[in-house]
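*Asks:* Coordinates in run.pdb, PDB, C-alpha atoms, are listed below.
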```
ATOM      1  CA  MET A 100     203.893 188.310 -20.547  1.00  0.00           C
ATOM      2  CA  ILE A 101     200.560 189.046 -18.897  1.00  0.00           C
ATOM      3  CA  LYS A 102     199.057 189.986 -22.253  1.00  0.00           C
ATOM      4  CA  TYR A 103     200.341 186.721 -23.767  1.00  0.00           C
ATOM      5  CA  CYS A 104     198.857 184.639 -20.933  1.00  0.00           C
ATOM      6  CA  TYR A 105     195.524 186.443 -21.285  1.00  0.00           C
ATOM      7  CA  THR A 106     195.484 185.803 -25.037  1.00  0.00           C
ATOM      8  CA  ALA A 107     196.357 182.136 -24.572  1.00  0.00           C
ATOM      9  CA  LEU A 108     193.646 181.769 -21.921  1.00  0.00           C
ATOM     10  CA  LEU A 109     191.073 183.426 -24.192  1.00  0.00           C
ATOM     11  CA  ILE A 110     191.963 181.087 -27.058  1.00  0.00           C
ATOM     12  CA  THR A 111     191.646 178.089 -24.735  1.00  0.00           C
ATOM     13  CA  VAL A 112     188.209 179.235 -23.526  1.00  0.00           C
ATOM     14  CA  LEU A 113     187.030 179.750 -27.103  1.00  0.00           C
ATOM     15  CA  LEU A 114     188.268 176.305 -28.121  1.00  0.00           C
ATOM     16  CA  VAL A 115     186.490 174.674 -25.182  1.00  0.00           C
ATOM     17  CA  PHE A 116     183.303 176.639 -25.926  1.00  0.00           C
ATOM     18  CA  ASN A 117     183.341 175.667 -29.596  1.00  0.00           C
ATOM     19  CA  SER A 118     184.049 172.050 -28.679  1.00  0.00           C
ATOM     20  CA  CYS A 119     181.092 171.989 -26.274  1.00  0.00           C
ATOM     21  CA  LYS A 120     178.902 173.691 -28.875  1.00  0.00           C
ATOM     22  CA  GLU A 121     179.874 171.086 -31.473  1.00  0.00           C
ATOM     23  CA  ASN A 122     179.146 168.276 -29.008  1.00  0.00           C
ATOM     24  CA  VAL A 123     175.685 169.704 -28.280  1.00  0.00           C
ATOM     25  CA  GLU A 124     174.976 170.116 -31.991  1.00  0.00           C
ATOM     26  CA  ASN A 125     176.153 166.570 -32.696  1.00  0.00           C
ATOM     27  CA  LEU A 126     173.933 165.270 -29.899  1.00  0.00           C
ATOM     28  CA  LYS A 127     170.964 167.119 -31.366  1.00  0.00           C
ATOM     29  CA  GLU A 128     171.750 165.793 -34.830  1.00  0.00           C
ATOM     30  CA  SER A 129     171.820 162.246 -33.470  1.00  0.00           C
ATOM     31  CA  ASN A 130     168.163 162.526 -32.474  1.00  0.00           C
ATOM     32  CA  TYR A 131     165.885 160.871 -35.022  1.00  0.00           C
ATOM     33  CA  ILE A 132     163.260 163.130 -36.585  1.00  0.00           C
ATOM     34  CA  VAL A 133     160.058 161.538 -37.888  1.00  0.00           C
ATOM     35  CA  THR A 134     157.813 163.677 -40.094  1.00  0.00           C
ATOM     36  CA  GLY A 135     154.680 163.000 -42.081  1.00  0.00           C
ATOM     37  CA  ASP A 136     151.026 163.769 -42.677  1.00  0.00           C
ATOM     38  CA  VAL A 137     148.257 162.063 -40.716  1.00  0.00           C
ATOM     39  CA  ILE A 138     145.464 161.048 -43.087  1.00  0.00           C
ATOM     40  CA  ASP A 139     141.975 162.296 -42.140  1.00  0.00           C
ATOM     41  CA  TYR A 140     143.174 163.871 -38.899  1.00  0.00           C
ATOM     42  CA  ASP A 141     140.188 165.681 -37.378  1.00  0.00           C
ATOM     43  CA  GLY A 142     141.571 166.869 -34.049  1.00  0.00           C
ATOM     44  CA  ASP A 143     143.155 170.024 -32.688  1.00  0.00           C
ATOM     45  CA  VAL A 144     146.865 170.535 -32.094  1.00  0.00           C
ATOM     46  CA  ALA A 145     148.052 167.617 -29.963  1.00  0.00           C
ATOM     47  CA  GLN A 146     151.211 166.402 -28.274  1.00  0.00           C
ATOM     48  CA  VAL A 147     152.666 163.006 -29.158  1.00  0.00           C
ATOM     49  CA  ASN A 148     153.707 160.532 -26.459  1.00  0.00           C
ATOM     50  CA  ILE A 149     156.699 158.374 -27.423  1.00  0.00           C
ATOM     51  CA  MET A 150     156.621 156.056 -24.381  1.00  0.00           C
ATOM     52  CA  GLY A 151     155.032 152.651 -23.965  1.00  0.00           C
ATOM     53  CA  PHE A 152     152.663 150.932 -21.568  1.00  0.00           C
ATOM     54  CA  PHE A 153     152.508 151.567 -17.797  1.00  0.00           C
ATOM     55  CA  VAL A 154     155.088 154.391 -17.667  1.00  0.00           C
ATOM     56  CA  ASP A 155     154.500 158.147 -17.586  1.00  0.00           C
ATOM     57  CA  PRO A 156     154.125 159.820 -20.996  1.00  0.00           C
ATOM     58  CA  LEU A 157     157.039 161.673 -22.567  1.00  0.00           C
ATOM     59  CA  PHE A 158     155.966 164.260 -25.123  1.00  0.00           C
ATOM     60  CA  LYS A 159     158.487 164.602 -27.941  1.00  0.00           C
ATOM     61  CA  GLY A 160     156.353 165.572 -30.885  1.00  0.00           C
ATOM     62  CA  SER A 161     153.154 167.141 -32.116  1.00  0.00           C
ATOM     63  CA  VAL A 162     150.491 166.962 -34.796  1.00  0.00           C
ATOM     64  CA  ASP A 163     148.733 170.160 -35.848  1.00  0.00           C
ATOM     65  CA  GLU A 164     145.128 170.701 -36.933  1.00  0.00           C
ATOM     66  CA  ASN A 165     146.126 170.010 -40.553  1.00  0.00           C
ATOM     67  CA  GLY A 166     147.598 166.617 -39.669  1.00  0.00           C
ATOM     68  CA  THR A 167     151.240 167.669 -40.053  1.00  0.00           C
ATOM     69  CA  LEU A 168     153.294 165.408 -37.810  1.00  0.00           C
ATOM     70  CA  GLU A 169     156.764 165.771 -36.322  1.00  0.00           C
ATOM     71  CA  ILE A 170     158.300 163.496 -33.689  1.00  0.00           C
ATOM     72  CA  GLU A 171     161.816 163.808 -32.276  1.00  0.00           C
ATOM     73  CA  LEU A 172     163.056 160.463 -30.982  1.00  0.00           C
ATOM     74  CA  PRO A 173     165.898 161.150 -28.530  1.00  0.00           C
ATOM     75  CA  ASN A 174     169.351 159.661 -28.647  1.00  0.00           C
ATOM     76  CA  GLU A 175     170.147 156.946 -26.051  1.00  0.00           C
ATOM     77  CA  PHE A 176     166.463 156.043 -25.831  1.00  0.00           C
ATOM     78  CA  ASN A 177     167.376 152.780 -24.118  1.00  0.00           C
ATOM     79  CA  GLU A 178     168.507 154.793 -21.089  1.00  0.00           C
ATOM     80  CA  THR A 179     165.322 156.888 -21.180  1.00  0.00           C
ATOM     81  CA  SER A 180     163.219 153.724 -21.280  1.00  0.00           C
ATOM     82  CA  GLN A 181     165.157 152.041 -18.479  1.00  0.00           C
ATOM     83  CA  LYS A 182     164.746 155.066 -16.205  1.00  0.00           C
ATOM     84  CA  ALA A 183     160.993 155.047 -16.879  1.00  0.00           C
ATOM     85  CA  PHE A 184     160.915 151.313 -16.075  1.00  0.00           C
ATOM     86  CA  ASP A 185     162.834 151.879 -12.837  1.00  0.00           C
ATOM     87  CA  ASP A 186     160.439 154.650 -11.796  1.00  0.00           C
ATOM     88  CA  TYR A 187     157.465 152.375 -12.430  1.00  0.00           C
ATOM     89  CA  ASN A 188     159.051 149.383 -10.685  1.00  0.00           C
ATOM     90  CA  SER A 189     159.671 151.510  -7.580  1.00  0.00           C
ATOM     91  CA  LEU A 190     155.935 152.065  -7.120  1.00  0.00           C
ATOM     92  CA  GLY A 191     154.406 150.119  -4.276  1.00  0.00           C
ATOM     93  CA  ASP A 192     151.431 149.036  -6.390  1.00  0.00           C
ATOM     94  CA  ALA A 193     153.340 148.198  -9.594  1.00  0.00           C
ATOM     95  CA  ALA A 194     151.508 145.359 -11.326  1.00  0.00           C
ATOM     96  CA  TYR A 195     154.510 144.224 -13.381  1.00  0.00           C
ATOM     97  CA  GLU A 196     158.294 144.183 -13.258  1.00  0.00           C
ATOM     98  CA  LEU A 197     159.340 146.140 -16.338  1.00  0.00           C
ATOM     99  CA  SER A 198     162.756 145.564 -17.910  1.00  0.00           C
ATOM    100  CA  ALA A 199     164.629 146.171 -21.147  1.00  0.00           C
ATOM    101  CA  ILE A 200     163.388 144.051 -24.031  1.00  0.00           C
ATOM    102  CA  GLY A 201     165.474 141.751 -26.159  1.00  0.00           C
ATOM    103  CA  ILE A 202     165.310 140.528 -29.726  1.00  0.00           C
ATOM    104  CA  GLU A 203     163.021 137.644 -28.785  1.00  0.00           C
ATOM    105  CA  ASP A 204     160.385 140.064 -27.475  1.00  0.00           C
ATOM    106  CA  VAL A 205     159.952 141.686 -30.895  1.00  0.00           C
ATOM    107  CA  PHE A 206     160.917 139.058 -33.456  1.00  0.00           C
ATOM    108  CA  SER A 207     159.796 135.762 -31.899  1.00  0.00           C
ATOM    109  CA  PRO A 208     159.858 132.921 -32.675  1.00  0.00           C
ATOM    110  CA  LEU A 209     163.623 132.831 -33.242  1.00  0.00           C
ATOM    111  CA  GLU A 210     164.011 129.178 -34.256  1.00  0.00           C
ATOM    112  CA  ASN A 211     166.203 128.577 -37.327  1.00  0.00           C
ATOM    113  CA  LEU A 212     167.325 132.213 -37.471  1.00  0.00           C
ATOM    114  CA  MET A 213     170.880 133.546 -37.634  1.00  0.00           C
ATOM    115  CA  ILE A 214     171.357 136.308 -35.040  1.00  0.00           C
ATOM    116  CA  SER A 215     174.704 138.089 -35.015  1.00  0.00           C
ATOM    117  CA  ASN A 216     174.324 139.607 -31.540  1.00  0.00           C
ATOM    118  CA  PRO A 217     171.556 137.883 -29.552  1.00  0.00           C
ATOM    119  CA  ASN A 218     172.273 139.966 -26.427  1.00  0.00           C
ATOM    120  CA  ALA A 219     171.345 143.287 -28.030  1.00  0.00           C
ATOM    121  CA  GLN A 220     168.776 145.234 -26.020  1.00  0.00           C
ATOM    122  CA  ILE A 221     166.003 147.068 -27.840  1.00  0.00           C
ATOM    123  CA  ALA A 222     163.748 149.976 -26.901  1.00  0.00           C
ATOM    124  CA  LEU A 223     160.504 150.297 -28.847  1.00  0.00           C
ATOM    125  CA  ALA A 224     159.111 153.790 -29.388  1.00  0.00           C
ATOM    126  CA  GLY A 225     155.426 154.264 -28.654  1.00  0.00           C
ATOM    127  CA  LYS A 226     152.847 151.665 -27.722  1.00  0.00           C
ATOM    128  CA  TYR A 227     152.977 148.586 -29.907  1.00  0.00           C
ATOM    129  CA  TYR A 228     153.904 150.380 -33.133  1.00  0.00           C
ATOM    130  CA  GLY A 229     151.841 153.567 -32.807  1.00  0.00           C
ATOM    131  CA  PHE A 230     151.854 156.739 -30.739  1.00  0.00           C
ATOM    132  CA  GLU A 231     149.281 158.328 -28.449  1.00  0.00           C
ATOM    133  CA  THR A 232     148.058 161.903 -28.874  1.00  0.00           C
ATOM    134  CA  TYR A 233     147.275 164.177 -25.915  1.00  0.00           C
ATOM    135  CA  GLN A 234     145.550 167.528 -25.493  1.00  0.00           C
ATOM    136  CA  ASP A 235     145.817 169.387 -22.181  1.00  0.00           C
ATOM    137  CA  GLY A 236     147.063 166.221 -20.489  1.00  0.00           C
ATOM    138  CA  ILE A 237     144.154 164.096 -21.734  1.00  0.00           C
ATOM    139  CA  ARG A 238     144.655 161.213 -24.154  1.00  0.00           C
ATOM    140  CA  THR A 239     142.664 161.858 -27.334  1.00  0.00           C
ATOM    141  CA  GLY A 240     143.682 159.141 -29.791  1.00  0.00           C
ATOM    142  CA  ARG A 241     146.431 157.156 -31.476  1.00  0.00           C
ATOM    143  CA  ILE A 242     148.329 157.473 -34.740  1.00  0.00           C
ATOM    144  CA  PHE A 243     149.728 154.486 -36.606  1.00  0.00           C
ATOM    145  CA  PRO A 244     152.070 154.199 -39.606  1.00  0.00           C
ATOM    146  CA  GLY A 245     151.027 151.639 -42.186  1.00  0.00           C
ATOM    147  CA  SER A 246     149.672 150.754 -45.595  1.00  0.00           C
ATOM    148  CA  SER A 247     145.960 151.174 -44.825  1.00  0.00           C
ATOM    149  CA  ARG A 248     143.497 151.825 -42.020  1.00  0.00           C
ATOM    150  CA  GLU A 249     142.105 148.308 -42.499  1.00  0.00           C
ATOM    151  CA  PHE A 250     145.499 146.644 -42.076  1.00  0.00           C
ATOM    152  CA  ILE A 251     146.209 148.632 -38.928  1.00  0.00           C
ATOM    153  CA  THR A 252     142.757 147.788 -37.544  1.00  0.00           C
ATOM    154  CA  TYR A 253     143.470 144.090 -38.095  1.00  0.00           C
ATOM    155  CA  ASN A 254     146.851 144.261 -36.350  1.00  0.00           C
ATOM    156  CA  ILE A 255     145.476 146.176 -33.365  1.00  0.00           C
ATOM    157  CA  ASN A 256     143.014 143.359 -32.691  1.00  0.00           C
ATOM    158  CA  PRO A 257     143.667 140.312 -34.920  1.00  0.00           C
ATOM    159  CA  GLU A 258     141.263 138.142 -32.919  1.00  0.00           C
ATOM    160  CA  LYS A 259     138.308 140.231 -34.108  1.00  0.00           C
ATOM    161  CA  HIS A 260     139.315 140.936 -37.711  1.00  0.00           C
ATOM    162  CA  GLU A 261     140.282 138.870 -40.725  1.00  0.00           C
ATOM    163  CA  PRO A 262     143.862 139.304 -41.934  1.00  0.00           C
ATOM    164  CA  ILE A 263     144.599 141.339 -45.042  1.00  0.00           C
ATOM    165  CA  GLU A 264     147.762 142.064 -46.977  1.00  0.00           C
ATOM    166  CA  GLY A 265     149.668 145.189 -46.009  1.00  0.00           C
ATOM    167  CA  HIS A 266     152.461 146.508 -43.822  1.00  0.00           C
ATOM    168  CA  PHE A 267     153.253 148.653 -40.797  1.00  0.00           C
ATOM    169  CA  TYR A 268     156.386 150.197 -39.289  1.00  0.00           C
ATOM    170  CA  MET A 269     158.178 150.249 -35.950  1.00  0.00           C
ATOM    171  CA  TRP A 270     160.893 152.517 -34.592  1.00  0.00           C
ATOM    172  CA  LEU A 271     163.428 150.527 -32.582  1.00  0.00           C
ATOM    173  CA  TYR A 272     166.414 151.828 -30.664  1.00  0.00           C
ATOM    174  CA  SER A 273     169.177 149.226 -30.357  1.00  0.00           C
ATOM    175  CA  ASP A 274     172.058 149.516 -27.896  1.00  0.00           C
ATOM    176  CA  SER A 275     174.400 147.721 -30.323  1.00  0.00           C
ATOM    177  CA  ASP A 276     174.656 146.414 -33.876  1.00  0.00           C
ATOM    178  CA  THR A 277     172.885 143.155 -34.638  1.00  0.00           C
ATOM    179  CA  SER A 278     171.140 141.321 -37.459  1.00  0.00           C
ATOM    180  CA  ILE A 279     168.392 138.713 -37.775  1.00  0.00           C
ATOM    181  CA  LYS A 280     168.401 136.636 -40.959  1.00  0.00           C
ATOM    182  CA  GLY A 281     166.525 133.578 -42.183  1.00  0.00           C
ATOM    183  CA  SER A 282     163.006 132.199 -42.072  1.00  0.00           C
ATOM    184  CA  ASN A 283     160.825 130.016 -39.891  1.00  0.00           C
ATOM    185  CA  GLY A 284     157.250 128.875 -39.765  1.00  0.00           C
ATOM    186  CA  SER A 285     154.340 128.193 -37.466  1.00  0.00           C
ATOM    187  CA  PRO A 286     151.455 125.784 -38.092  1.00  0.00           C
ATOM    188  CA  THR A 287     148.162 127.259 -39.216  1.00  0.00           C
ATOM    189  CA  GLU A 288     146.414 123.894 -39.453  1.00  0.00           C
ATOM    190  CA  VAL A 289     147.116 120.368 -38.183  1.00  0.00           C
ATOM    191  CA  ASP A 290     145.298 117.072 -38.647  1.00  0.00           C
ATOM    192  CA  GLU A 291     143.891 114.844 -35.901  1.00  0.00           C
ATOM    193  CA  SER A 292     147.285 113.170 -35.466  1.00  0.00           C
ATOM    194  CA  GLY A 293     149.060 116.468 -34.986  1.00  0.00           C
ATOM    195  CA  ASN A 294     150.693 116.498 -38.405  1.00  0.00           C
ATOM    196  CA  VAL A 295     151.113 119.955 -39.915  1.00  0.00           C
ATOM    197  CA  ILE A 296     148.888 120.475 -42.949  1.00  0.00           C
ATOM    198  CA  LYS A 297     149.602 124.148 -43.577  1.00  0.00           C
ATOM    199  CA  LYS A 298     152.305 126.425 -42.265  1.00  0.00           C
ATOM    200  CA  SER A 299     152.735 130.195 -42.141  1.00  0.00           C
ATOM    201  CA  ILE A 300     156.220 131.264 -43.254  1.00  0.00           C
ATOM    202  CA  ARG A 301     157.917 134.386 -41.899  1.00  0.00           C
ATOM    203  CA  ASN A 302     161.105 135.783 -43.443  1.00  0.00           C
ATOM    204  CA  TYR A 303     163.641 137.945 -41.600  1.00  0.00           C
ATOM    205  CA  ASP A 304     166.076 140.339 -43.251  1.00  0.00           C
ATOM    206  CA  VAL A 305     166.720 142.735 -40.385  1.00  0.00           C
ATOM    207  CA  THR A 306     169.900 144.713 -39.768  1.00  0.00           C
ATOM    208  CA  LEU A 307     169.868 146.947 -36.693  1.00  0.00           C
ATOM    209  CA  SER A 308     172.569 149.547 -36.158  1.00  0.00           C
ATOM    210  CA  LYS A 309     173.297 151.113 -32.790  1.00  0.00           C
ATOM    211  CA  GLY A 310     170.739 153.891 -32.516  1.00  0.00           C
ATOM    212  CA  TRP A 311     167.381 154.301 -34.220  1.00  0.00           C
ATOM    213  CA  ASN A 312     166.120 151.889 -36.869  1.00  0.00           C
ATOM    214  CA  VAL A 313     162.937 151.688 -38.950  1.00  0.00           C
ATOM    215  CA  VAL A 314     161.611 148.127 -39.208  1.00  0.00           C
ATOM    216  CA  ARG A 315     158.887 147.127 -41.646  1.00  0.00           C
ATOM    217  CA  TYR A 316     156.525 144.207 -41.060  1.00  0.00           C
ATOM    218  CA  ALA A 317     154.520 143.018 -44.064  1.00  0.00           C
ATOM    219  CA  VAL A 318     151.882 140.399 -44.796  1.00  0.00           C
ATOM    220  CA  MET A 319     152.392 139.314 -48.417  1.00  0.00           C
ATOM    221  CA  GLU A 320     150.220 136.243 -48.866  1.00  0.00           C
ATOM    222  CA  LEU A 321     146.969 134.898 -47.430  1.00  0.00           C
ATOM    223  CA  GLY A 322     145.336 131.495 -47.636  1.00  0.00           C
ATOM    224  CA  THR A 323     142.331 129.635 -46.280  1.00  0.00           C
ATOM    225  CA  ASP A 324     142.228 126.677 -43.941  1.00  0.00           C
ATOM    226  CA  SER A 325     139.877 123.694 -44.233  1.00  0.00           C
ATOM    227  CA  GLU A 326     137.107 125.691 -42.555  1.00  0.00           C
ATOM    228  CA  GLY A 327     137.438 128.551 -45.021  1.00  0.00           C
ATOM    229  CA  ASP A 328     139.006 130.990 -42.556  1.00  0.00           C
ATOM    230  CA  LEU A 329     141.694 133.338 -43.842  1.00  0.00           C
ATOM    231  CA  GLN A 330     145.217 132.810 -42.488  1.00  0.00           C
ATOM    232  CA  VAL A 331     148.503 134.664 -42.951  1.00  0.00           C
ATOM    233  CA  MET A 332     150.658 132.361 -45.081  1.00  0.00           C
ATOM    234  CA  LYS A 333     153.672 134.571 -45.777  1.00  0.00           C
ATOM    235  CA  SER A 334     155.003 137.570 -43.860  1.00  0.00           C
ATOM    236  CA  ALA A 335     158.326 139.325 -43.350  1.00  0.00           C
ATOM    237  CA  PHE A 336     160.344 141.670 -41.163  1.00  0.00           C
ATOM    238  CA  ASN A 337     162.983 143.760 -42.892  1.00  0.00           C
ATOM    239  CA  THR A 338     164.958 146.980 -42.739  1.00  0.00           C
ATOM    240  CA  GLU A 339     165.884 147.184 -46.406  1.00  0.00           C
ATOM    241  CA  GLY A 340     165.146 150.376 -48.314  1.00  0.00           C
ATOM    242  CA  ASN A 341     164.245 153.937 -47.419  1.00  0.00           C
ATOM    243  CA  TYR A 342     160.666 153.878 -46.143  1.00  0.00           C
ATOM    244  CA  GLU A 343     160.316 157.416 -44.876  1.00  0.00           C
ATOM    245  CA  LYS A 344     158.913 158.735 -48.155  1.00  0.00           C
ATOM    246  CA  GLU A 345     156.196 156.093 -48.408  1.00  0.00           C
ATOM    247  CA  ILE A 346     154.872 156.022 -44.842  1.00  0.00           C
ATOM    248  CA  ASP A 347     151.218 156.971 -44.364  1.00  0.00           C
ATOM    249  CA  TRP A 348     149.830 157.761 -40.913  1.00  0.00           C
ATOM    250  CA  TYR A 349     146.288 157.049 -39.730  1.00  0.00           C
ATOM    251  CA  TYR A 350     144.440 158.589 -36.800  1.00  0.00           C
ATOM    252  CA  PHE A 351     142.212 156.579 -34.470  1.00  0.00           C
ATOM    253  CA  PRO A 352     140.329 158.878 -32.070  1.00  0.00           C
ATOM    254  CA  LEU A 353     139.262 157.555 -28.686  1.00  0.00           C
TER
END
```
Mind turning the file's structure into structure tokens?
*Replies:*
Amino acid sequence: MIKYCYTALLITVLLVFNSCKENVENLKESNYIVTGDVIDYDGDVAQVNIMGFFVDPLFKGSVDENGTLEIELPNEFNETSQKAFDDYNSLGDAAYELSAIGIEDVFSPLENLMISNPNAQIALAGKYYGFETYQDGIRTGRIFPGSSREFITYNINPEKHEPIEGHFYMWLYSDSDTSIKGSNGSPTEVDESGNVIKKSIRNYDVTLSKGWNVVRYAVMELGTDSEGDLQVMKSAFNTEGNYEKEIDWYYFPL
């Protein structure tokens, strides 16, 4: 009887251990791994910060001296972001009140769009759509995923650079499933009476699943206004296709 109880107890312990092991492995598998090569990287081995503005850095990746990049984006990143926001908000000299972002913070304007779950909360990895690199606790540069260095340079500071055609990527963590479909426009030129002469059209074909999502923003068509200045005439957000194989990374040292 004692031997039987001991055997049963041992089996129970093994089952619990294996169950816990499987849960840990599943949790690890749910993390999103980003890999790639950083073009023209000329730095030493550096850590990659996956957090945004104002909060403390969280290093979850690295780039080596050859430009080989690997980033591990953790599961439940919305909770990680919210904790970082709470820590910042608790500071006596906090300049802003940070909070979870919604669809309108990333994909505005939302007029004329069909949104299946407008209350979905989103956490954006990195700063804007890139990531900072650090060496020995000191920020050394930024890496950005996109079609060209020129397109990224324009998007970093559009007020100082003319638009060009191209695309970039963002990694978004959504706390629930949602989709954004449709198109809308914003005036690029109006006459003296306020009538719209030219309009920039933006298309949306975005489907976000709970967890990590890769979103692509592209400028497809340019035009000139009456003063000869270039304007973005057609752009799009979408999540269609497998972009991981075509993503190029560019390094911008400080």
*Asks:* Report the residues retrieved by the PyMOL selection byres ((chain A and resi 253-266) around 8) from the displayed file, expressed as a list in words.
*Replies:* Gly245, Ser246, Ser247, Glu249, Phe250, Ile251, Thr252, Phe267, Tyr268, Arg315, Tyr316, Ala317, Val318, Met319, Glu320, Leu321, Leu329, Gln330 and Val331 of chain A
*Asks:* Residues at most 10 Å from Ile279 of chain A, counting all atoms listed in the file, excluding those fewer than 3 positions away in the same chain, as a list in words?
*Replies:*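 The residues satisfying every condition are Ile202, Phe206, Leu209, Leu212, Met213, Ile214, Ser215, Asn216, Pro217, Ser282, Asn302, Tyr303, Asp304, Val305, Thr306, Leu307, Phe336 and Asn337 of chain A.
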*Asks:* May I have the selected residues written with C-alpha atoms, as a compact mmCIF listing (two decimals), in the frame of the given file?
*Replies:*
```
# COMPACT_ATOMS: atom_id res chain seq x y z
CA ILE A 202 165.31 140.53 -29.73
CA PHE A 206 160.92 139.06 -33.46
CA LEU A 209 163.62 132.83 -33.24
CA LEU A 212 167.32 132.21 -37.47
CA MET A 213 170.88 133.55 -37.63
CA ILE A 214 171.36 136.31 -35.04
CA SER A 215 174.70 138.09 -35.02
CA ASN A 216 174.32 139.61 -31.54
CA PRO A 217 171.56 137.88 -29.55
CA SER A 282 163.01 132.20 -42.07
CA ASN A 302 161.10 135.78 -43.44
CA TYR A 303 163.64 137.94 -41.60
CA ASP A 304 166.08 140.34 -43.25
CA VAL A 305 166.72 142.74 -40.38
CA THR A 306 169.90 144.71 -39.77
CA LEU A 307 169.87 146.95 -36.69
CA PHE A 336 160.34 141.67 -41.16
CA ASN A 337 162.98 143.76 -42.89
```
*Asks:* Do you have the atom CA of Ser273 of chain A-atom CA of Ser334 of chain A distance handy?
*Replies:* 22.8 Å
*Asks:* Could you tell me which of A:Pro156, A:Ala222, A:Leu353, A:Thr232 comes closest to Glu178 of chain A if we count only C-alpha atoms?
*Replies:*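 Distance minimum relative to Glu178 of chain A lands on A:Ala222.
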*Asks:* Determine the nearest neighbour of Lys298 of chain A from the options A:Gly229, A:Gly310, A:Gly240, A:Gly284, counting all atoms listed in the file.
*Replies:* A:Gly284
*Asks:* If we count all atoms listed in the file, what is near Asn218 of chain A at a cut-off of 10 Å, once residues fewer than 5 positions away on the same chain are taken out, given as a PDB file with C-alpha atoms, in the frame of the given file?
*Replies:*
```pdb
ATOM      1  CA  GLY A 201     165.474 141.751 -26.159  1.00  0.00           C
ATOM      2  CA  ILE A 202     165.310 140.528 -29.726  1.00  0.00           C
ATOM      3  CA  GLU A 203     163.021 137.644 -28.785  1.00  0.00           C
ATOM      4  CA  ASP A 274     172.058 149.516 -27.896  1.00  0.00           C
ATOM      5  CA  SER A 275     174.400 147.721 -30.323  1.00  0.00           C
ATOM      6  CA  THR A 277     172.885 143.155 -34.638  1.00  0.00           C
TER       7      THR A 277
END
```
*Asks:* Using the chain letters and numbers from the file, give me the residues hit by the PyMOL selection byres ((chain A and resi 231) around 7), as a VMD selection string.
*Replies:* chain A and resid 147 to 148 229 to 230 232 to 233 238 240 to 242
*Asks:* Starting from the shown file, work through the PyMOL selection byres ((chain A and resi 161-168) around 6) and note down what comes out as JSON, numbers by chain.
*Replies:* {"A": [134, 135, 136, 137, 140, 142, 143, 144, 145, 146, 147, 160, 169]}
